[in-house]
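Undergrad: Enclosed is the structure file entry14.txt (compact mmCIF, C-alpha atoms and all ligand atoms).
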# COMPACT_ATOMS: atom_id res chain seq x y z
CA MET A 1 0.00 0.00 0.00
CA ARG A 2 2.74 2.38 0.92
CA SER A 3 4.72 1.55 -2.15
CA CYS A 4 1.60 2.07 -4.24
CA ILE A 5 1.11 5.59 -2.91
CA SER A 6 4.74 6.37 -3.42
CA SER A 7 4.63 5.14 -7.01
CA ALA A 8 1.54 7.26 -7.76
CA SER A 9 3.23 10.38 -6.42
CA PHE A 10 6.33 9.53 -8.48
CA ASP A 11 4.20 9.26 -11.66
CA LEU A 12 2.51 12.54 -10.84
CA GLU A 13 5.84 14.28 -10.46
CA MET A 14 7.04 12.78 -13.75
CA ASN A 15 3.89 14.02 -15.51
CA LEU A 16 4.35 17.53 -14.20
CA TYR A 17 7.72 18.00 -15.85
CA PRO A 18 6.40 18.60 -19.38
CA ILE A 19 3.77 21.01 -18.00
CA ILE A 20 6.37 22.93 -16.00
CA PHE A 21 8.66 22.96 -19.03
CA LEU A 22 5.90 24.27 -21.35
CA SER A 23 4.88 26.88 -18.77
CA VAL A 24 8.44 28.15 -18.54
CA VAL A 25 8.64 28.37 -22.33
CA PHE A 26 5.24 30.08 -22.56
CA PHE A 27 5.85 32.69 -19.87
CA GLY A 28 9.41 33.18 -21.07
CA ALA A 29 8.09 33.98 -24.54
CA LEU A 30 5.51 36.37 -23.06
CA PHE A 31 8.27 38.08 -21.09
CA LEU A 32 10.39 38.49 -24.21
CA ILE A 33 7.47 39.93 -26.20
CA PHE A 34 6.64 42.31 -23.35
CA ARG A 35 10.26 43.31 -22.98
CA LYS A 36 10.60 43.96 -26.67
CA ARG A 37 7.61 46.33 -26.62
CA LYS A 38 8.84 48.30 -23.66
CA ILE A 39 11.04 51.10 -24.94
CA ASP A 40 14.04 52.20 -22.94
CA PRO A 41 14.00 55.98 -23.21
CA ILE A 42 17.12 57.71 -24.49
CA SER A 43 18.74 59.72 -21.74
CA LEU A 44 19.43 63.28 -22.70
CA THR A 45 22.67 65.08 -21.99
CA LYS A 46 23.02 68.35 -20.10
CA ALA A 47 23.78 69.99 -23.43
CA ASP A 48 20.45 68.70 -24.83
CA LEU A 49 18.58 70.10 -21.82
CA SER A 50 20.20 73.49 -22.37
CA LEU A 51 19.05 73.39 -26.00
CA PHE A 52 15.46 72.83 -24.83
CA ASP A 53 15.77 75.76 -22.43
CA GLU A 54 17.32 77.99 -25.04
CA HIS A 55 15.11 77.23 -28.03
CA VAL A 56 11.77 75.84 -26.85
CA GLU A 57 9.58 78.44 -25.17
CA PHE A 58 6.89 75.87 -24.31
CA TYR A 59 9.49 73.92 -22.32
CA ARG A 60 10.91 77.04 -20.71
CA ASN A 61 7.46 77.92 -19.36
CA LEU A 62 7.03 74.58 -17.55
CA ASN A 63 7.69 74.10 -13.83
CA PRO A 64 10.56 71.75 -12.86
CA ALA A 65 8.29 68.72 -12.34
CA LYS A 66 6.60 69.21 -15.71
CA LYS A 67 10.00 69.75 -17.37
CA LYS A 68 11.06 66.35 -16.06
CA GLN A 69 7.89 64.79 -17.44
CA PHE A 70 8.47 66.49 -20.81
CA ILE A 71 12.03 65.20 -21.04
CA LYS A 72 10.90 61.67 -20.17
CA LYS A 73 8.42 61.74 -23.05
CA VAL A 74 11.13 63.14 -25.33
CA GLY A 75 13.42 60.24 -24.35
CA VAL A 76 10.77 57.68 -25.27
CA PHE A 77 10.01 59.47 -28.53
CA LEU A 78 13.66 59.62 -29.58
CA ALA A 79 14.12 55.94 -28.70
CA SER A 80 11.23 54.86 -30.91
CA ILE A 81 11.55 57.15 -33.96
CA LYS A 82 14.38 57.24 -36.46
CA ILE A 83 15.58 60.68 -37.55
CA GLU A 84 17.48 60.83 -40.82
CA GLY A 85 18.93 63.63 -42.89
CA VAL A 86 18.98 63.92 -46.67
CA GLY A 87 21.82 66.14 -47.88
CA LEU A 88 22.62 67.15 -44.33
CA GLU A 89 23.93 65.82 -41.06
CA VAL A 90 21.29 65.80 -38.31
CA THR A 91 22.46 67.92 -35.36
CA ALA A 92 21.59 67.75 -31.66
CA LEU A 93 19.45 70.87 -32.10
CA ASP A 94 17.53 69.26 -35.01
CA ARG A 95 16.71 66.29 -32.77
CA VAL A 96 15.67 68.53 -29.89
CA LEU A 97 13.35 70.61 -32.09
CA ILE A 98 11.78 67.57 -33.78
CA ALA A 99 11.17 65.89 -30.41
CA ALA A 100 9.76 69.12 -28.94
CA SER A 101 7.34 69.42 -31.88
CA ALA A 102 6.20 65.86 -31.27
CA ILE A 103 5.71 66.20 -27.52
CA ILE A 104 4.15 69.70 -27.30
CA PRO A 105 0.79 68.68 -28.86
CA ILE A 106 0.53 65.42 -26.85
CA PHE A 107 1.81 66.77 -23.55
CA GLY A 108 -1.72 66.85 -22.13
CA PHE A 109 -2.27 63.13 -22.70
CA ASP A 110 -1.19 60.50 -20.15
CA GLU A 111 -0.26 57.92 -22.73
CA TRP A 112 0.37 58.59 -26.39
CA SER A 113 2.73 57.11 -28.89
CA TYR A 114 2.79 58.00 -32.56
CA GLN A 115 1.76 54.58 -33.86
CA ASN A 116 1.65 55.93 -37.40
CA LEU A 117 5.25 57.17 -37.44
CA GLY A 118 8.51 55.28 -37.91
CA SER A 119 10.89 57.96 -39.12
CA VAL A 120 11.34 61.67 -39.65
CA VAL A 121 13.38 62.67 -42.69
CA LEU A 122 14.98 66.08 -42.59
CA TYR A 123 15.70 68.02 -45.79
CA PRO A 124 17.88 71.12 -45.83
CA ASP A 125 15.14 73.37 -47.15
CA THR A 126 11.75 73.30 -48.80
CA PHE A 127 11.19 70.51 -51.31
CA ASN A 128 8.77 69.76 -54.12
CA LYS A 129 6.24 66.97 -54.37
CA ASP A 130 8.88 64.64 -55.84
CA PHE A 131 11.12 65.30 -52.80
CA GLN A 132 13.66 67.25 -54.83
CA PHE A 133 15.09 70.04 -52.76
CA GLU A 134 17.40 71.54 -55.37
CA ASP A 135 14.58 72.59 -57.61
CA SER A 136 13.26 76.07 -58.24
CA GLU A 137 9.64 74.97 -57.82
CA ARG A 138 9.86 73.84 -54.25
CA ASN A 139 7.48 75.08 -51.64
CA ILE A 140 6.67 72.18 -49.32
CA MET A 141 7.92 72.72 -45.78
CA GLY A 142 6.69 69.48 -44.28
CA MET A 143 4.46 66.52 -44.96
CA VAL A 144 3.33 63.23 -43.50
CA GLY A 145 3.45 60.31 -45.86
CA ASN A 146 0.64 58.05 -46.93
CA GLY A 147 0.57 55.10 -49.28
CA PHE A 148 4.10 53.79 -49.86
CA MET A 149 5.43 56.54 -47.65
CA ASN A 150 3.23 55.62 -44.71
CA GLY A 151 5.02 56.05 -41.40
CA GLN A 152 7.31 58.80 -42.68
CA MET A 153 7.34 62.49 -41.98
CA ILE A 154 9.40 64.83 -44.11
CA LEU A 155 10.45 68.19 -42.77
CA SER A 156 12.45 71.11 -44.06
CA ARG A 157 15.16 72.00 -41.59
CA THR A 158 14.73 75.69 -42.38
CA ALA A 159 11.02 75.46 -41.57
CA LEU A 160 11.69 73.37 -38.44
CA HIS A 161 14.08 75.96 -37.04
CA HIS A 162 11.93 78.90 -38.14
CA GLY A 163 9.00 77.46 -36.13
CA PHE A 164 11.01 77.88 -32.92
CA SER A 165 12.48 81.28 -33.76
CA LYS A 166 11.26 84.63 -32.47
CA SER A 167 9.87 85.50 -35.88
CA ALA A 168 7.71 82.35 -36.06
CA GLY A 169 4.48 84.22 -35.31
CA LYS A 170 1.49 81.87 -35.20
CA GLY A 171 3.17 79.18 -37.26
CA ASN A 172 5.18 76.06 -36.53
CA THR A 173 5.55 73.62 -39.43
CA ALA A 174 6.71 70.64 -37.39
CA ILE A 175 3.92 70.95 -34.83
CA HIS A 176 1.54 71.24 -37.80
CA GLU A 177 2.76 67.88 -39.16
CA PHE A 178 2.51 66.14 -35.78
CA VAL A 179 -1.06 67.42 -35.42
CA HIS A 180 -1.83 65.70 -38.76
CA LEU A 181 -0.56 62.46 -37.21
CA ILE A 182 -2.75 62.97 -34.13
CA ASP A 183 -5.69 63.58 -36.50
CA ASP A 184 -4.69 60.41 -38.38
CA ALA A 185 -4.82 58.21 -35.25
CA ASP A 186 -8.47 57.34 -35.99
CA GLY A 187 -7.58 56.34 -39.54
CA ALA A 188 -8.48 59.58 -41.34
CA ILE A 189 -6.76 62.96 -41.62
CA ASP A 190 -10.00 64.91 -41.77
CA GLY A 191 -9.75 67.60 -39.09
CA ILE A 192 -11.80 65.51 -36.66
CA PRO A 193 -9.59 63.83 -34.06
CA GLU A 194 -12.21 61.26 -33.07
CA GLN A 195 -10.11 59.73 -30.30
CA LEU A 196 -9.89 63.12 -28.57
CA LEU A 197 -13.28 64.59 -29.29
CA ALA A 198 -16.38 63.09 -27.69
CA HIS A 199 -18.97 62.20 -30.34
CA GLU A 200 -21.42 64.92 -29.22
CA TYR A 201 -18.80 67.59 -29.92
CA THR A 202 -18.17 66.55 -33.50
CA PHE A 203 -20.99 68.55 -35.06
CA PRO A 204 -20.30 71.78 -33.09
CA TRP A 205 -16.61 71.43 -34.03
CA LEU A 206 -17.44 71.04 -37.73
CA LYS A 207 -19.75 74.06 -37.53
CA MET A 208 -17.07 76.12 -35.78
CA MET A 209 -14.45 75.18 -38.38
CA HIS A 210 -16.65 76.11 -41.32
CA GLU A 211 -17.80 79.40 -39.78
CA GLU A 212 -14.20 80.41 -39.17
CA MET A 213 -13.23 79.32 -42.70
CA GLU A 214 -15.91 81.65 -43.99
CA ARG A 215 -14.41 84.53 -41.98
CA ILE A 216 -10.95 83.74 -43.37
CA GLN A 217 -12.43 83.75 -46.85
CA LYS A 218 -13.90 87.20 -46.23
CA ASN A 219 -10.58 88.48 -44.85
CA LYS A 220 -12.12 88.85 -41.40
CA SER A 221 -9.81 86.48 -39.56
CA ASP A 222 -6.14 86.52 -38.63
CA ILE A 223 -5.84 82.75 -39.16
CA ASN A 224 -3.46 81.75 -41.96
CA PRO A 225 -5.53 81.33 -45.18
CA TYR A 226 -3.81 77.99 -45.75
CA ALA A 227 -6.48 76.76 -43.32
CA LEU A 228 -8.99 77.14 -46.17
CA THR A 229 -7.43 74.17 -47.99
CA ASN A 230 -9.67 71.70 -46.12
CA GLN A 231 -10.78 70.71 -42.59
CA ALA A 232 -7.55 68.81 -41.89
CA GLU A 233 -5.45 71.86 -42.74
CA PHE A 234 -7.76 74.09 -40.73
CA PHE A 235 -7.26 71.87 -37.68
CA ALA A 236 -3.46 71.78 -38.13
CA VAL A 237 -3.14 75.54 -38.78
CA ALA A 238 -5.42 76.48 -35.84
CA SER A 239 -3.42 74.11 -33.62
CA GLU A 240 -0.16 75.85 -34.57
CA TYR A 241 -1.78 79.12 -33.49
CA PHE A 242 -2.98 77.47 -30.25
CA PHE A 243 0.53 76.31 -29.30
CA GLU A 244 2.43 79.35 -30.57
CA GLN A 245 0.23 82.23 -29.41
CA PRO A 246 -2.37 80.85 -26.99
CA ASP A 247 -3.10 84.24 -25.38
CA SER A 248 -3.82 85.86 -28.69
CA LEU A 249 -5.99 82.92 -29.85
CA LYS A 250 -8.00 83.01 -26.61
CA ASP A 251 -8.45 86.74 -26.95
CA LYS A 252 -9.47 86.80 -30.62
CA HIS A 253 -11.15 83.37 -30.95
CA PRO A 254 -12.34 82.32 -27.47
CA GLU A 255 -14.58 79.47 -28.70
CA LEU A 256 -11.90 78.04 -30.94
CA TYR A 257 -9.43 78.29 -28.08
CA GLU A 258 -11.79 76.42 -25.71
CA GLN A 259 -12.37 73.69 -28.26
CA LEU A 260 -8.65 73.17 -28.96
CA SER A 261 -7.91 73.33 -25.25
CA MET A 262 -10.38 70.47 -24.76
CA ILE A 263 -8.97 68.43 -27.65
CA PHE A 264 -5.36 68.73 -26.50
CA GLY A 265 -6.08 68.66 -22.77
CA GLN A 266 -3.99 71.80 -22.28
CA ASP A 267 -4.87 75.28 -21.10
CA LEU A 268 -1.93 77.40 -22.20
CA ALA A 269 -3.30 80.94 -22.10
ZN ZN A 301 -0.89 70.28 -43.45
Write out the structure in this file as structure tokens.
Ligand SMILES: [Zn+2]
TA:
Amino acid sequence: MRSCISSASFDLEMNLYPIIFLSVVFFGALFLIFRKRKIDPISLTKADLSLFDEHVEFYRNLNPAKKKQFIKKVGVFLASIKIEGVGLEVTALDRVLIAASAIIPIFGFDEWSYQNLGSVVLYPDTFNKDFQFEDSERNIMGMVGNGFMNGQMILSRTALHHGFSKSAGKGNTAIHEFVHLIDDADGAIDGIPEQLLAHEYTFPWLKMMHEEMERIQKNKSDINPYALTNQAEFFAVASEYFFEQPDSLKDKHPELYEQLSMIFGQDLA
């Protein structure tokens, strides 16, 4: 009887080995997948931090705790996105300005990663629709790719730097392009960021956009007429204004300011 019990427990132990083995393999694989998805943020140097302080007003205006949060998001962004130069060598300042443009519009969100972006390609100056930058008919300052270029953003370095200069006014090309990607997160660049705008606000937002477009048309608005191109461009252009001159936007377009403040989860004025 005793030996019988002992033999049963021996068999049981033997039968457990494959299960234990498979469990180890299974959880090990899960661990590896999980580990692969977790991005180790790039740590920024003191020199990088000085560049943020020197060139990025949005960052300069943050309190120390928020600055830390901003830099953490920058580190994750830079670890997950490739930045390449065409006809130029990408500098530390280029990286800082691209990362700042990416983080400024999403700074109000707890979690956000640009799922629809793999790389940012920097050109020396404006380029044409065939991506030639040494052409006389070049006027594109930035664009986000679709079709075969999906996952790519192209930026002119001149436009990138101008957006963070004192003469930038209400414009910032790189922020504009990142806003297109935020708009694209629901699958359509249409000026309606569905993931950030509760359904009941969609119609009032559309109405607000079209009323303002009418004012631009009649020369009764200080919003860049490029916003007339379509709803997507209106959203991107108005967002540039929101991040570059929030006080002025709130003063001249209080409803538009409130709406953008709700979309981006930031009250900058
Ligand atoms: Zn655009």
Undergrad: May I ask for the distance between CA of Met209 in chain A and CA of Gly151 in chain A, given in Å to one decimal place?
TA: 27.5 Å
Undergrad: List as a PyMOL selection string the residues having at least one atom at most 12 Å from position (-14.8, 66.3, -27.6) as given in the file, counting all atoms listed in the file.
TA: chain A and resi 192-206+258-265
Undergrad: Find the axis-aligned box for range 111-122 of chain A, covering all its listed atoms and adding 5 Å on each side, and write its centre and edge lengths in Å to one decimal as AutoDock Vina command-line options.
TA:
--center_x 7.4 --center_y 60.3 --center_z -32.7 --size_x 25.2 --size_y 21.5 --size_z 30.0
Undergrad: Which residues of chain A come within 9 Å of ligand ZN 301 (chain A), and what is each one's closest atom pair and distance in Å (one decimal), counting all atoms listed in the file, sorted by chain and residue number, as a tab-separated table?
TA:
residue	atom	partner	partner_atom	distance
A:Gly142	CA	A:ZN301	ZN	7.7
A:Met143	CA	A:ZN301	ZN	6.7
A:Val144	CA	A:ZN301	ZN	8.2
A:Thr173	CA	A:ZN301	ZN	8.3
A:His176	CA	A:ZN301	ZN	6.2
A:Glu177	CA	A:ZN301	ZN	6.1
A:Val179	CA	A:ZN301	ZN	8.5
A:His180	CA	A:ZN301	ZN	6.6
A:Tyr226	CA	A:ZN301	ZN	8.6
A:Ala227	CA	A:ZN301	ZN	8.6
A:Thr229	CA	A:ZN301	ZN	8.9
A:Ala232	CA	A:ZN301	ZN	7.0
A:Glu233	CA	A:ZN301	ZN	4.9
A:Phe234	CA	A:ZN301	ZN	8.3
A:Phe235	CA	A:ZN301	ZN	8.7
A:Ala236	CA	A:ZN301	ZN	6.1
A:Val237	CA	A:ZN301	ZN	7.4
Undergrad: In terms of the shortest atom-to-atom distance over all atoms listed in the file, which of A:Asp53, A:Ser23, A:Gln115, A:Pro254 is closest to Asp186 in chain A?
TA: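 Selected residue with least distance to Asp186 in chain A: A:Gln115.
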Undergrad: Near Gln217 in chain A, within 10 Å and counting all atoms listed in the file, which residues show up once chain neighbours fewer than 6 positions away are dropped, as a PyMOL selection string?
TA: chain A and resi 211+225+227-228
Undergrad: Write out as a count of residues only which residues come within 10 Å of Gly145 in chain A when counting all atoms listed in the file, dropping same-chain ones fewer than 4 positions away.
TA: 9
Undergrad: If you measure from CA of Val120 in chain A to CA of Ile223 in chain A, what distance in Å do you get, rounded to one decimal?
TA: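 Spanning CA of Val120 in chain A to CA of Ile223 in chain A is a straight-line distance of 27.2 Å.
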Undergrad: What separation in Å, quoted to one decimal, exists between CA of Leu256 in chain A and CA of Leu97 in chain A?
TA: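 It comes out at 26.3 Å.
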Undergrad: The residues within 7 Å of (16.9, 64.8, -20.9), using all atoms listed in the file and the coordinates of the file, should be reported as a PyMOL selection string; which are they?
TA: chain A and resi 43-45+48-49+71-72+75
Undergrad: Name the residues in contact with Ile39 in chain A at a cut-off of 9 Å, using only C-alpha atoms, excluding same-chain residues fewer than 6 positions from it; report them as a short mmCIF file (atom, residue, chain, number, x, y, z; two decimals) with C-alpha atoms, in the frame of the given file.
TA:
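Saved as around12.cif:
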data_model
loop_
_atom_site.label_atom_id
_atom_site.label_comp_id
_atom_site.auth_asym_id
_atom_site.auth_seq_id
_atom_site.Cartn_x
_atom_site.Cartn_y
_atom_site.Cartn_z
CA VAL A 76 10.77 57.68 -25.27
CA ALA A 79 14.12 55.94 -28.70
CA SER A 80 11.23 54.86 -30.91
#
Undergrad: Quick one: of A:Ser248, A:Ala269, A:Phe77, A:Met141, who's nearest to Ile42 in chain A, counting all atoms listed in the file?
TA: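 Looking only at the distances to Ile42 in chain A, the closest residue turns out to be A:Phe77.
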